[in-house]
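Enquirer: Take this structure first; my questions come after.
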Amino acid sequence: MTFAVPVTVRGYELDVNGHMNQAVYHQYAEHARWEAMRAAGLVPDKMLHAGLGPVVLESTVRHLRELHLGDEVTVTCEFEWGEGKAFRINQQIRKLDGTVSAEFRVVTGLMDLTARKLVPNPRERFRELSESADVLGL
């Protein structure tokens, strides 16, 4: 399943060139990941109560097209599960006309907040805690 959230580019997100600052692309991707978690029923309080927190291990972005003030975009998340401690989230920032502005490949894990180590099987932990596991591709 591909999760998506709409965002509109705001004036304070622009750089001196008049297009969206490169750091804001990362913020949009992060926002979409948290919205996907929320849609799955994994709100921050629930995660903290379980002693768990998602962590980004690596984030790679390809900037493909500029975004400008007022552009309406959709930010997607598609979860890719493996067998180890880490999993991937593939993301796109797309204009409403379908133009892809950026692509992300994010390697992430689920941290045990007491031990400060990644849990061995994040897929199972997310499945246990989520209310809508399908949002996470489970």
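Numbering starts fresh at 1 for the residues of each chain in the structure tokens, the chains themselves are lettered A, B, ... in the order given, and ligands are numbered from 1 as they appear.
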Report as CSV the residues of range 72-122 of chain A within 12 Å of range 4-26 of chain A, each with its shortest atom pair and distance in Å (one decimal), using only C-alpha atoms, ordered by chain and increasing residue number.

Expert:
```
residue,atom,partner,partner_atom,distance
A:Glu72,CA,A:Thr8,CA,4.4
A:Val73,CA,A:Val7,CA,5.4
A:Thr74,CA,A:Pro6,CA,4.4
A:Val75,CA,A:Val5,CA,5.3
A:Thr76,CA,A:Ala4,CA,4.2
A:Cys77,CA,A:Ala4,CA,6.3
A:Glu78,CA,A:Ala4,CA,8.9
A:Phe79,CA,A:Ala4,CA,12.0
A:Asn90,CA,A:Ala4,CA,11.6
A:Gln91,CA,A:Ala4,CA,9.2
A:Gln92,CA,A:Ala4,CA,9.2
A:Ile93,CA,A:Tyr25,CA,8.0
A:Arg94,CA,A:Pro6,CA,9.5
A:Lys95,CA,A:Pro6,CA,9.7
A:Leu96,CA,A:Pro6,CA,9.4
A:Ser101,CA,A:Tyr25,CA,9.3
A:Ala102,CA,A:Tyr25,CA,7.7
A:Glu103,CA,A:Tyr25,CA,9.5
A:Phe104,CA,A:His26,CA,8.6
A:Arg105,CA,A:His26,CA,11.1
A:Val106,CA,A:His26,CA,10.4
```

Enquirer: Would you return as an MDAnalysis selection string the members of chain A that DSSP assigns to strand (DSSP E) on this structure's backbone?

Expert: chainID A and resid 3:8 52:63 72:80 86:95 100:112 117:118

Enquirer: Considering only C-alpha atoms, return as a list in words whatever protein or nucleic-acid residues lie within 9 Å of Leu136 in chain A, sequence-local ones (same chain, fewer than 6 positions apart) excluded.

Expert: Met1, Thr2, Phe3, Ala36, Met37, Ala40, Cys77, Glu78, Phe79, Glu80, Phe126, Arg127 and Ser130 of chain A

Enquirer: Which residue is closest to Val56 in chain A? Choose from A:Val43, A:Leu118, A:Leu113, A:Val107 and count only C-alpha atoms.

Expert: A:Val107

Enquirer: From range 4-130 of chain A, collect each residue whose DSSP state is helix (DSSP H, G or I) and return the set as an MDAnalysis selection string.

Expert: chainID A and resid 11:13 22:39 44:49 122:129

Enquirer: Please dump the current selection as an mmCIF file, in the first residue's frame; keep N, CA and C atoms.

Expert:
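What follows is the written file result09.cif:
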```
data_model
loop_
_atom_site.group_PDB
_atom_site.id
_atom_site.type_symbol
_atom_site.label_atom_id
_atom_site.label_comp_id
_atom_site.auth_asym_id
_atom_site.auth_seq_id
_atom_site.Cartn_x
_atom_site.Cartn_y
_atom_site.Cartn_z
ATOM 1 N N GLY A 11 5.543 30.204 2.041
ATOM 2 C CA GLY A 11 6.536 31.225 1.737
ATOM 3 C C GLY A 11 7.813 31.126 2.545
ATOM 4 N N TYR A 12 7.710 30.807 3.823
ATOM 5 C CA TYR A 12 8.900 30.737 4.673
ATOM 6 C C TYR A 12 9.765 29.505 4.393
ATOM 7 N N GLU A 13 9.322 28.620 3.491
ATOM 8 C CA GLU A 13 10.099 27.429 3.133
ATOM 9 C C GLU A 13 10.993 27.659 1.911
ATOM 10 N N GLN A 22 16.239 23.047 0.164
ATOM 11 C CA GLN A 22 16.499 21.599 0.114
ATOM 12 C C GLN A 22 16.203 20.897 1.437
ATOM 13 N N ALA A 23 16.410 21.545 2.562
ATOM 14 C CA ALA A 23 16.148 20.911 3.855
ATOM 15 C C ALA A 23 14.660 20.659 4.071
ATOM 16 N N VAL A 24 13.818 21.480 3.457
ATOM 17 C CA VAL A 24 12.376 21.344 3.627
ATOM 18 C C VAL A 24 11.861 20.062 2.971
ATOM 19 N N TYR A 25 12.519 19.619 1.908
ATOM 20 C CA TYR A 25 12.141 18.350 1.294
ATOM 21 C C TYR A 25 12.219 17.230 2.335
ATOM 22 N N HIS A 26 13.275 17.246 3.129
ATOM 23 C CA HIS A 26 13.431 16.239 4.190
ATOM 24 C C HIS A 26 12.322 16.377 5.231
ATOM 25 N N GLN A 27 11.945 17.601 5.546
ATOM 26 C CA GLN A 27 10.872 17.822 6.518
ATOM 27 C C GLN A 27 9.545 17.290 5.998
ATOM 28 N N TYR A 28 9.268 17.486 4.718
ATOM 29 C CA TYR A 28 8.046 16.950 4.128
ATOM 30 C C TYR A 28 8.035 15.423 4.211
ATOM 31 N N ALA A 29 9.173 14.818 3.894
ATOM 32 C CA ALA A 29 9.265 13.351 3.949
ATOM 33 C C ALA A 29 9.052 12.860 5.376
ATOM 34 N N GLU A 30 9.655 13.532 6.342
ATOM 35 C CA GLU A 30 9.479 13.160 7.756
ATOM 36 C C GLU A 30 8.022 13.317 8.175
ATOM 37 N N HIS A 31 7.406 14.415 7.779
ATOM 38 C CA HIS A 31 5.991 14.651 8.095
ATOM 39 C C HIS A 31 5.129 13.498 7.568
ATOM 40 N N ALA A 32 5.381 13.094 6.333
ATOM 41 C CA ALA A 32 4.590 12.013 5.735
ATOM 42 C C ALA A 32 4.804 10.696 6.475
ATOM 43 N N ARG A 33 6.033 10.426 6.901
ATOM 44 C CA ARG A 33 6.284 9.181 7.644
ATOM 45 C C ARG A 33 5.505 9.176 8.958
ATOM 46 N N TRP A 34 5.511 10.310 9.674
ATOM 47 C CA TRP A 34 4.753 10.375 10.930
ATOM 48 C C TRP A 34 3.250 10.294 10.683
ATOM 49 N N GLU A 35 2.781 10.884 9.595
ATOM 50 C CA GLU A 35 1.352 10.791 9.273
ATOM 51 C C GLU A 35 0.965 9.352 8.930
ATOM 52 N N ALA A 36 1.839 8.633 8.265
ATOM 53 C CA ALA A 36 1.579 7.216 7.978
ATOM 54 C C ALA A 36 1.492 6.419 9.270
ATOM 55 N N MET A 37 2.418 6.706 10.188
ATOM 56 C CA MET A 37 2.395 6.010 11.487
ATOM 57 C C MET A 37 1.092 6.330 12.227
ATOM 58 N N ARG A 38 0.713 7.600 12.219
ATOM 59 C CA ARG A 38 -0.524 8.014 12.894
ATOM 60 C C ARG A 38 -1.734 7.322 12.271
ATOM 61 N N ALA A 39 -1.764 7.252 10.934
ATOM 62 C CA ALA A 39 -2.868 6.589 10.238
ATOM 63 C C ALA A 39 -2.936 5.104 10.582
ATOM 64 N N PRO A 44 2.602 9.051 18.685
ATOM 65 C CA PRO A 44 3.806 9.122 19.519
ATOM 66 C C PRO A 44 3.613 8.649 20.959
ATOM 67 N N ASP A 45 2.517 9.021 21.602
ATOM 68 C CA ASP A 45 2.286 8.586 22.992
ATOM 69 C C ASP A 45 2.220 7.069 23.108
ATOM 70 N N LYS A 46 1.575 6.431 22.158
ATOM 71 C CA LYS A 46 1.473 4.969 22.167
ATOM 72 C C LYS A 46 2.855 4.336 22.000
ATOM 73 N N MET A 47 3.652 4.902 21.104
ATOM 74 C CA MET A 47 5.000 4.381 20.882
ATOM 75 C C MET A 47 5.855 4.556 22.141
ATOM 76 N N LEU A 48 5.786 5.739 22.748
ATOM 77 C CA LEU A 48 6.561 5.998 23.966
ATOM 78 C C LEU A 48 6.138 5.073 25.096
ATOM 79 N N HIS A 49 4.828 4.851 25.227
ATOM 80 C CA HIS A 49 4.325 3.947 26.266
ATOM 81 C C HIS A 49 4.853 2.529 26.073
ATOM 82 N N PRO A 122 11.395 -5.401 13.682
ATOM 83 C CA PRO A 122 10.457 -4.282 13.737
ATOM 84 C C PRO A 122 9.122 -4.584 13.075
ATOM 85 N N ARG A 123 9.128 -5.432 12.067
ATOM 86 C CA ARG A 123 7.882 -5.777 11.371
ATOM 87 C C ARG A 123 6.864 -6.347 12.357
ATOM 88 N N GLU A 124 7.289 -7.268 13.200
ATOM 89 C CA GLU A 124 6.379 -7.895 14.168
ATOM 90 C C GLU A 124 5.913 -6.908 15.226
ATOM 91 N N ARG A 125 6.817 -6.043 15.692
ATOM 92 C CA ARG A 125 6.441 -5.057 16.711
ATOM 93 C C ARG A 125 5.418 -4.070 16.158
ATOM 94 N N PHE A 126 5.635 -3.600 14.935
ATOM 95 C CA PHE A 126 4.676 -2.695 14.317
ATOM 96 C C PHE A 126 3.335 -3.389 14.109
ATOM 97 N N ARG A 127 3.363 -4.638 13.696
ATOM 98 C CA ARG A 127 2.128 -5.390 13.481
ATOM 99 C C ARG A 127 1.351 -5.526 14.791
ATOM 100 N N GLU A 128 2.064 -5.814 15.889
ATOM 101 C CA GLU A 128 1.420 -5.951 17.207
ATOM 102 C C GLU A 128 0.771 -4.655 17.676
ATOM 103 N N LEU A 129 1.435 -3.533 17.447
ATOM 104 C CA LEU A 129 0.981 -2.252 17.994
ATOM 105 C C LEU A 129 0.010 -1.489 17.107
#
```

Enquirer: So how many Å separate CA of Ser132 in chain A and CA of Leu42 in chain A, to one decimal?

Expert: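 It comes out at 9.0 Å.
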
Enquirer: So how many Å separate CA of Gly109 in chain A and CA of Val55 in chain A, to one decimal?

Expert: 5.4 Å

Enquirer: Neighbours of Pro120 in chain A within 12 Å (only C-alpha atoms; same-chain residues fewer than 5 positions away dropped), as number ranges by chain?

Expert: A: 82-87, 109-112, 125-126

Enquirer: Could those selected residues go to a file with N, CA and C atoms, as a CSV table (one decimal), in the first residue's frame?

Expert:
```
chain,number,residue,atom,x,y,z
A,82,GLY,N,12.0,-6.2,5.3
A,82,GLY,CA,13.0,-7.3,5.1
A,82,GLY,C,12.9,-8.2,6.3
A,83,GLU,N,14.0,-8.9,6.5
A,83,GLU,CA,14.1,-9.8,7.7
A,83,GLU,C,14.9,-9.3,8.9
A,84,GLY,N,15.7,-8.3,8.6
A,84,GLY,CA,16.6,-7.8,9.7
A,84,GLY,C,16.0,-6.7,10.6
A,85,LYS,N,16.9,-6.0,11.2
A,85,LYS,CA,16.5,-4.9,12.1
A,85,LYS,C,16.1,-3.6,11.4
A,86,ALA,N,16.5,-3.4,10.2
A,86,ALA,CA,16.2,-2.2,9.4
A,86,ALA,C,15.1,-2.5,8.4
A,87,PHE,N,14.4,-1.5,8.0
A,87,PHE,CA,13.5,-1.6,6.8
A,87,PHE,C,13.6,-0.3,6.0
A,109,GLY,N,14.8,2.1,11.4
A,109,GLY,CA,14.6,1.0,12.3
A,109,GLY,C,13.7,1.4,13.5
A,110,LEU,N,13.5,0.5,14.4
A,110,LEU,CA,12.7,0.7,15.6
A,110,LEU,C,13.5,0.5,16.8
A,111,MET,N,13.7,1.6,17.6
A,111,MET,CA,14.6,1.6,18.7
A,111,MET,C,13.9,1.3,20.0
A,112,ASP,N,14.5,0.4,20.8
A,112,ASP,CA,14.0,0.1,22.2
A,112,ASP,C,14.6,1.3,22.9
A,125,ARG,N,6.8,-6.0,15.7
A,125,ARG,CA,6.4,-5.1,16.7
A,125,ARG,C,5.4,-4.1,16.2
A,126,PHE,N,5.6,-3.6,14.9
A,126,PHE,CA,4.7,-2.7,14.3
A,126,PHE,C,3.3,-3.4,14.1
```

Enquirer: To one decimal place in Å, what is the distance between CA of Asp97 in chain A and CA of Val61 in chain A?

Expert: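 We find that CA of Asp97 in chain A and CA of Val61 in chain A lie 20.7 Å from each other.
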